[in-house]
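What's in upload22.pdb: PDB, C-alpha atoms
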```
MODEL        1
ATOM      1  CA  MET D   1     -44.391 -90.250 -88.306
ATOM      2  CA  ASN D   2     -47.744 -88.717 -89.159
ATOM      3  CA  GLY D   3     -46.539 -85.205 -89.813
ATOM      4  CA  GLU D   4     -43.867 -82.693 -88.963
ATOM      5  CA  SER D   5     -44.098 -79.681 -86.746
ATOM      6  CA  VAL D   6     -41.762 -76.828 -85.870
ATOM      7  CA  ASP D   7     -38.072 -77.492 -86.563
ATOM      8  CA  GLY D   8     -38.683 -80.973 -87.985
ATOM      9  CA  VAL D   9     -39.923 -82.436 -84.704
ATOM     10  CA  GLU D  10     -42.090 -85.491 -85.262
ATOM     11  CA  THR D  11     -45.788 -85.162 -84.562
ATOM     12  CA  ILE D  12     -48.186 -88.039 -84.066
ATOM     13  CA  ASP D  13     -51.897 -87.809 -84.740
ATOM     14  CA  ALA D  14     -53.794 -89.357 -81.843
ATOM     15  CA  TRP D  15     -57.164 -89.397 -80.135
ATOM     16  CA  ARG D  16     -57.626 -87.817 -76.711
ATOM     17  CA  CYS D  17     -60.581 -88.615 -74.476
ATOM     18  CA  VAL D  18     -62.322 -85.410 -73.392
ATOM     19  CA  GLY D  19     -63.402 -87.122 -70.173
ATOM     20  CA  CYS D  20     -60.342 -88.844 -68.725
ATOM     21  CA  GLY D  21     -57.576 -87.453 -70.973
ATOM     22  CA  ARG D  22     -56.443 -90.878 -72.255
ATOM     23  CA  ILE D  23     -54.377 -90.538 -75.433
ATOM     24  CA  GLU D  24     -54.405 -93.263 -78.038
ATOM     25  CA  GLY D  25     -52.622 -93.294 -81.335
ATOM     26  CA  PRO D  26     -52.968 -96.259 -83.633
ATOM     27  CA  ARG D  27     -49.688 -97.634 -84.930
ATOM     28  CA  PRO D  28     -48.893-100.884 -86.704
ATOM     29  CA  CYS D  29     -47.893-103.518 -84.147
ATOM     30  CA  VAL D  30     -44.915-105.747 -84.913
ATOM     31  CA  GLY D  31     -45.787-108.187 -82.122
ATOM     32  CA  VAL D  32     -43.013-107.324 -79.650
ATOM     33  CA  CYS D  33     -44.627-104.312 -78.013
ATOM     34  CA  GLU D  34     -44.013-103.178 -74.441
ATOM     35  CA  ASP D  35     -45.858-100.304 -72.815
ATOM     36  CA  ARG D  36     -43.659 -97.636 -71.276
ATOM     37  CA  LYS D  37     -44.570 -94.367 -69.656
ATOM     38  CA  VAL D  38     -43.809 -91.382 -71.889
ATOM     39  CA  SER D  39     -44.363 -87.647 -71.683
ATOM     40  CA  PHE D  40     -46.032 -85.612 -74.411
ATOM     41  CA  VAL D  41     -46.766 -81.968 -74.987
ATOM     42  CA  TYR D  42     -49.367 -80.531 -77.286
ATOM     43  CA  ALA D  43     -47.940 -79.400 -80.601
ATOM     44  CA  SER D  44     -49.480 -75.946 -80.076
ATOM     45  CA  ASP D  45     -47.666 -75.624 -76.713
ATOM     46  CA  TYR D  46     -44.380 -76.690 -78.315
ATOM     47  CA  GLU D  47     -44.837 -74.258 -81.206
ATOM     48  CA  ALA D  48     -45.584 -71.437 -78.748
ATOM     49  CA  ALA D  49     -42.431 -72.279 -76.786
ATOM     50  CA  VAL D  50     -40.339 -72.285 -79.978
ATOM     51  CA  ALA D  51     -41.828 -68.906 -80.965
ATOM     52  CA  ARG D  52     -40.901 -67.489 -77.537
ATOM     53  CA  LEU D  53     -37.392 -68.912 -77.901
ATOM     54  CA  ARG D  54     -36.962 -67.331 -81.335
ATOM     55  CA  GLU D  55     -38.189 -64.001 -79.990
ATOM     56  CA  ALA D  56     -35.732 -64.194 -77.106
ATOM     57  CA  GLU D  57     -32.895 -65.059 -79.506
ATOM     58  CA  ALA D  58     -33.751 -62.092 -81.759
ATOM     59  CA  ARG D  59     -33.911 -59.732 -78.788
ATOM     60  CA  LEU D  60     -30.642 -61.111 -77.438
ATOM     61  CA  ALA D  61     -28.934 -60.553 -80.794
ATOM     62  CA  VAL D  62     -29.965 -56.887 -80.757
ATOM     63  CA  LEU D  63     -28.707 -56.396 -77.216
ATOM     64  CA  GLU D  64     -25.486 -58.394 -77.797
ATOM     65  CA  SER D  65     -24.707 -56.131 -80.714
ATOM     66  CA  LEU D  66     -24.982 -53.115 -78.436
ATOM     67  CA  ALA D  67     -22.893 -54.784 -75.727
ATOM     68  CA  ASN D  68     -20.149 -55.533 -78.275
ATOM     69  CA  ARG D  69     -20.051 -51.919 -79.433
ATOM     70  CA  MET D  70     -19.907 -50.740 -75.826
ATOM     71  CA  ALA D  71     -17.124 -53.183 -74.974
ATOM     72  CA  LEU D  72     -15.020 -52.298 -78.011
ATOM     73  CA  ALA D  73     -15.538 -48.526 -78.059
ATOM     74  CA  ILE D  74     -12.516 -46.514 -77.031
ATOM     75  CA  PRO D  75     -13.457 -42.856 -76.804
ATOM     76  CA  ARG D  76     -10.933 -40.120 -77.351
ATOM     77  CA  ARG D  77      -9.406 -38.624 -74.270
ATOM     78  CA  ASP D  78     -11.757 -35.637 -74.265
ATOM     79  CA  GLY D  79     -14.717 -37.459 -75.834
ATOM     80  CA  TRP D  80     -16.058 -39.539 -72.949
ATOM     81  CA  GLU D  81     -19.300 -37.646 -72.573
ATOM     82  CA  LYS D  82     -20.014 -37.594 -76.303
ATOM     83  CA  SER D  83     -19.297 -41.342 -76.552
ATOM     84  CA  TYR D  84     -21.429 -42.059 -73.491
ATOM     85  CA  ARG D  85     -24.372 -40.118 -74.942
ATOM     86  CA  ALA D  86     -23.987 -41.854 -78.331
ATOM     87  CA  LEU D  87     -23.994 -45.255 -76.613
ATOM     88  CA  GLN D  88     -27.047 -44.211 -74.587
ATOM     89  CA  GLU D  89     -28.878 -43.400 -77.806
ATOM     90  CA  GLU D  90     -27.803 -46.722 -79.328
ATOM     91  CA  ALA D  91     -29.086 -48.485 -76.205
ATOM     92  CA  ARG D  92     -32.441 -46.743 -76.554
ATOM     93  CA  ARG D  93     -32.607 -47.788 -80.213
ATOM     94  CA  ALA D  94     -31.646 -51.371 -79.330
ATOM     95  CA  LEU D  95     -34.352 -51.529 -76.670
ATOM     96  CA  ARG D  96     -36.925 -50.186 -79.130
ATOM     97  CA  GLU D  97     -35.835 -52.801 -81.689
ATOM     98  CA  ALA D  98     -36.012 -55.568 -79.084
ATOM     99  CA  ARG D  99     -39.516 -54.461 -78.078
ATOM    100  CA  ALA D 100     -40.554 -54.257 -81.736
ATOM    101  CA  VAL D 101     -39.382 -57.849 -82.284
ATOM    102  CA  GLY D 102     -41.499 -58.908 -79.314
ATOM    103  CA  VAL D 103     -44.563 -57.034 -80.555
ATOM    104  CA  ALA D 104     -44.181 -58.402 -84.098
ATOM    105  CA  ASN D 105     -43.786 -61.965 -82.828
ATOM    106  CA  ALA D 106     -46.774 -61.588 -80.485
ATOM    107  CA  ALA D 107     -48.903 -60.307 -83.365
ATOM    108  CA  GLY D 108     -47.772 -63.198 -85.567
ATOM    109  CA  ALA D 109     -48.542 -65.725 -82.831
ATOM    110  CA  ALA D 110     -51.982 -64.216 -82.269
ATOM    111  CA  ALA D 111     -52.747 -64.367 -85.991
ATOM    112  CA  ALA D 112     -51.545 -67.979 -86.199
ATOM    113  CA  SER D 113     -53.603 -69.099 -83.216
ATOM    114  CA  SER D 114     -56.781 -67.491 -84.574
ATOM    115  CA  SER D 115     -56.539 -69.305 -87.919
TER     116      SER D 115
ENDMDL
END
```
Written form, structure tokens:
Amino acid sequence: MNGESVDGVETIDAWRCVGCGRIEGPRPCVGVCEDRKVSFVYASDYEAAVARLREAEARLAVLESLANRMALAIPRRDGWEKSYRALQEEARRALREARAVGVANAAGAAAASSS
């Protein structure tokens, strides 16, 4: 293991040919090697995917919270409209929060990729 990336996933430093795309990473050979086809992704692509996943999880948490309140709310007999309007306002707030999480994460990703 040459280094660690997001969430403790192993990263390997390697050389990539700019012409053909061949990837080569020197490792100590123990003399019983076999070549097998493997799939790799660039660490930056993986980190971007993890960032999108975390954003989605944060947005989901905000919206799940609203859904729970909606599911558990029992308005008074004559308070349906008031409860409905209060839940509408909570939904608007939740959507704003979810959008804000997305904007903050996008700004953080942009700053990280420019450094």
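Separating atom CA of D:Arg93 from atom CA of D:Val62 is a distance of 9.5 Å.
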Taken to one decimal, the atom CA of D:Gly8-atom CA of D:Leu63 distance is 28.6 Å
Of D:Ala86, D:Cys33, D:Ala48, D:Ala58, the one nearest to D:Ala100 when counting only C-alpha atoms is D:Ala58
Counting only C-alpha atoms, what is within 10 Å of D:Arg27, bar same-chain residues fewer than 3 positions away, as number ranges by chain? D: 1, 12, 14, 24, 30
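Near (-26.5, -51.5, -73.2), the residues inside the 6 Å limit, counting only C-alpha atoms, come to Leu66, Ala67 and Ala91 of chain D.
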Using the chain letters and numbers from this file, what does the PyMOL selection byres ((chain D and resi 70) around 10) select? Give the answer as a PDB file with C-alpha atoms, in the coordinates of the input.
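And here's expr10.pdb as it stands now:
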```pdb
ATOM      1  CA  GLU D  64     -25.486 -58.394 -77.797  1.00  0.00           C
ATOM      2  CA  SER D  65     -24.707 -56.131 -80.714  1.00  0.00           C
ATOM      3  CA  LEU D  66     -24.982 -53.115 -78.436  1.00  0.00           C
ATOM      4  CA  ALA D  67     -22.893 -54.784 -75.727  1.00  0.00           C
ATOM      5  CA  ASN D  68     -20.149 -55.533 -78.275  1.00  0.00           C
ATOM      6  CA  ARG D  69     -20.051 -51.919 -79.433  1.00  0.00           C
ATOM      7  CA  ALA D  71     -17.124 -53.183 -74.974  1.00  0.00           C
ATOM      8  CA  LEU D  72     -15.020 -52.298 -78.011  1.00  0.00           C
ATOM      9  CA  ALA D  73     -15.538 -48.526 -78.059  1.00  0.00           C
ATOM     10  CA  ILE D  74     -12.516 -46.514 -77.031  1.00  0.00           C
ATOM     11  CA  SER D  83     -19.297 -41.342 -76.552  1.00  0.00           C
ATOM     12  CA  TYR D  84     -21.429 -42.059 -73.491  1.00  0.00           C
ATOM     13  CA  LEU D  87     -23.994 -45.255 -76.613  1.00  0.00           C
ATOM     14  CA  GLN D  88     -27.047 -44.211 -74.587  1.00  0.00           C
ATOM     15  CA  GLU D  90     -27.803 -46.722 -79.328  1.00  0.00           C
ATOM     16  CA  ALA D  91     -29.086 -48.485 -76.205  1.00  0.00           C
TER      17      ALA D  91
END
```
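The residue that comes closest to D:Leu60, out of D:Asp78, D:Glu10, D:Glu47, D:Glu97 and on the basis of all atoms listed in the file, is D:Glu97.
The coordinates place atom CA of D:Cys20 at 22.5 Å from atom CA of D:Glu34.
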My structure is short of atoms at stretch 61-76 of chain D; please model N, CA and C atoms there, returning them as a PDB file, keeping the file's coordinate frame.
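Here's the written file out12.pdb:
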```
ATOM      1  N   ALA D  61     -29.862 -60.972 -79.742  1.00  0.00           N
ATOM      2  CA  ALA D  61     -28.934 -60.553 -80.794  1.00  0.00           C
ATOM      3  C   ALA D  61     -28.826 -59.034 -80.863  1.00  0.00           C
ATOM      4  N   VAL D  62     -29.967 -58.352 -80.734  1.00  0.00           N
ATOM      5  CA  VAL D  62     -29.965 -56.887 -80.757  1.00  0.00           C
ATOM      6  C   VAL D  62     -29.157 -56.348 -79.581  1.00  0.00           C
ATOM      7  N   LEU D  63     -29.391 -56.900 -78.409  1.00  0.00           N
ATOM      8  CA  LEU D  63     -28.707 -56.396 -77.216  1.00  0.00           C
ATOM      9  C   LEU D  63     -27.236 -56.804 -77.178  1.00  0.00           C
ATOM     10  N   GLU D  64     -26.894 -57.987 -77.714  1.00  0.00           N
ATOM     11  CA  GLU D  64     -25.486 -58.394 -77.797  1.00  0.00           C
ATOM     12  C   GLU D  64     -24.714 -57.462 -78.715  1.00  0.00           C
ATOM     13  N   SER D  65     -25.351 -57.049 -79.791  1.00  0.00           N
ATOM     14  CA  SER D  65     -24.707 -56.131 -80.714  1.00  0.00           C
ATOM     15  C   SER D  65     -24.332 -54.833 -80.002  1.00  0.00           C
ATOM     16  N   LEU D  66     -25.261 -54.332 -79.209  1.00  0.00           N
ATOM     17  CA  LEU D  66     -24.982 -53.115 -78.436  1.00  0.00           C
ATOM     18  C   LEU D  66     -23.856 -53.365 -77.433  1.00  0.00           C
ATOM     19  N   ALA D  67     -23.922 -54.477 -76.723  1.00  0.00           N
ATOM     20  CA  ALA D  67     -22.893 -54.784 -75.727  1.00  0.00           C
ATOM     21  C   ALA D  67     -21.512 -54.876 -76.378  1.00  0.00           C
ATOM     22  N   ASN D  68     -21.437 -55.460 -77.569  1.00  0.00           N
ATOM     23  CA  ASN D  68     -20.149 -55.533 -78.275  1.00  0.00           C
ATOM     24  C   ASN D  68     -19.622 -54.150 -78.615  1.00  0.00           C
ATOM     25  N   ARG D  69     -20.495 -53.277 -79.113  1.00  0.00           N
ATOM     26  CA  ARG D  69     -20.051 -51.919 -79.433  1.00  0.00           C
ATOM     27  C   ARG D  69     -19.586 -51.192 -78.171  1.00  0.00           C
ATOM     28  N   MET D  70     -20.306 -51.399 -77.079  1.00  0.00           N
ATOM     29  CA  MET D  70     -19.907 -50.740 -75.826  1.00  0.00           C
ATOM     30  C   MET D  70     -18.550 -51.264 -75.350  1.00  0.00           C
ATOM     31  N   ALA D  71     -18.365 -52.570 -75.456  1.00  0.00           N
ATOM     32  CA  ALA D  71     -17.124 -53.183 -74.974  1.00  0.00           C
ATOM     33  C   ALA D  71     -15.921 -52.775 -75.820  1.00  0.00           C
ATOM     34  N   LEU D  72     -16.144 -52.572 -77.113  1.00  0.00           N
ATOM     35  CA  LEU D  72     -15.020 -52.298 -78.011  1.00  0.00           C
ATOM     36  C   LEU D  72     -14.774 -50.811 -78.258  1.00  0.00           C
ATOM     37  N   ALA D  73     -15.692 -49.969 -77.826  1.00  0.00           N
ATOM     38  CA  ALA D  73     -15.538 -48.526 -78.059  1.00  0.00           C
ATOM     39  C   ALA D  73     -14.429 -47.965 -77.173  1.00  0.00           C
ATOM     40  N   ILE D  74     -13.566 -47.197 -77.785  1.00  0.00           N
ATOM     41  CA  ILE D  74     -12.516 -46.514 -77.031  1.00  0.00           C
ATOM     42  C   ILE D  74     -12.630 -45.036 -77.379  1.00  0.00           C
ATOM     43  N   PRO D  75     -13.275 -44.280 -76.503  1.00  0.00           N
ATOM     44  CA  PRO D  75     -13.457 -42.856 -76.804  1.00  0.00           C
ATOM     45  C   PRO D  75     -12.136 -42.096 -76.740  1.00  0.00           C
ATOM     46  N   ARG D  76     -12.106 -40.994 -77.434  1.00  0.00           N
ATOM     47  CA  ARG D  76     -10.933 -40.120 -77.351  1.00  0.00           C
ATOM     48  C   ARG D  76     -10.820 -39.568 -75.939  1.00  0.00           C
TER      49      ARG D  76
END
```
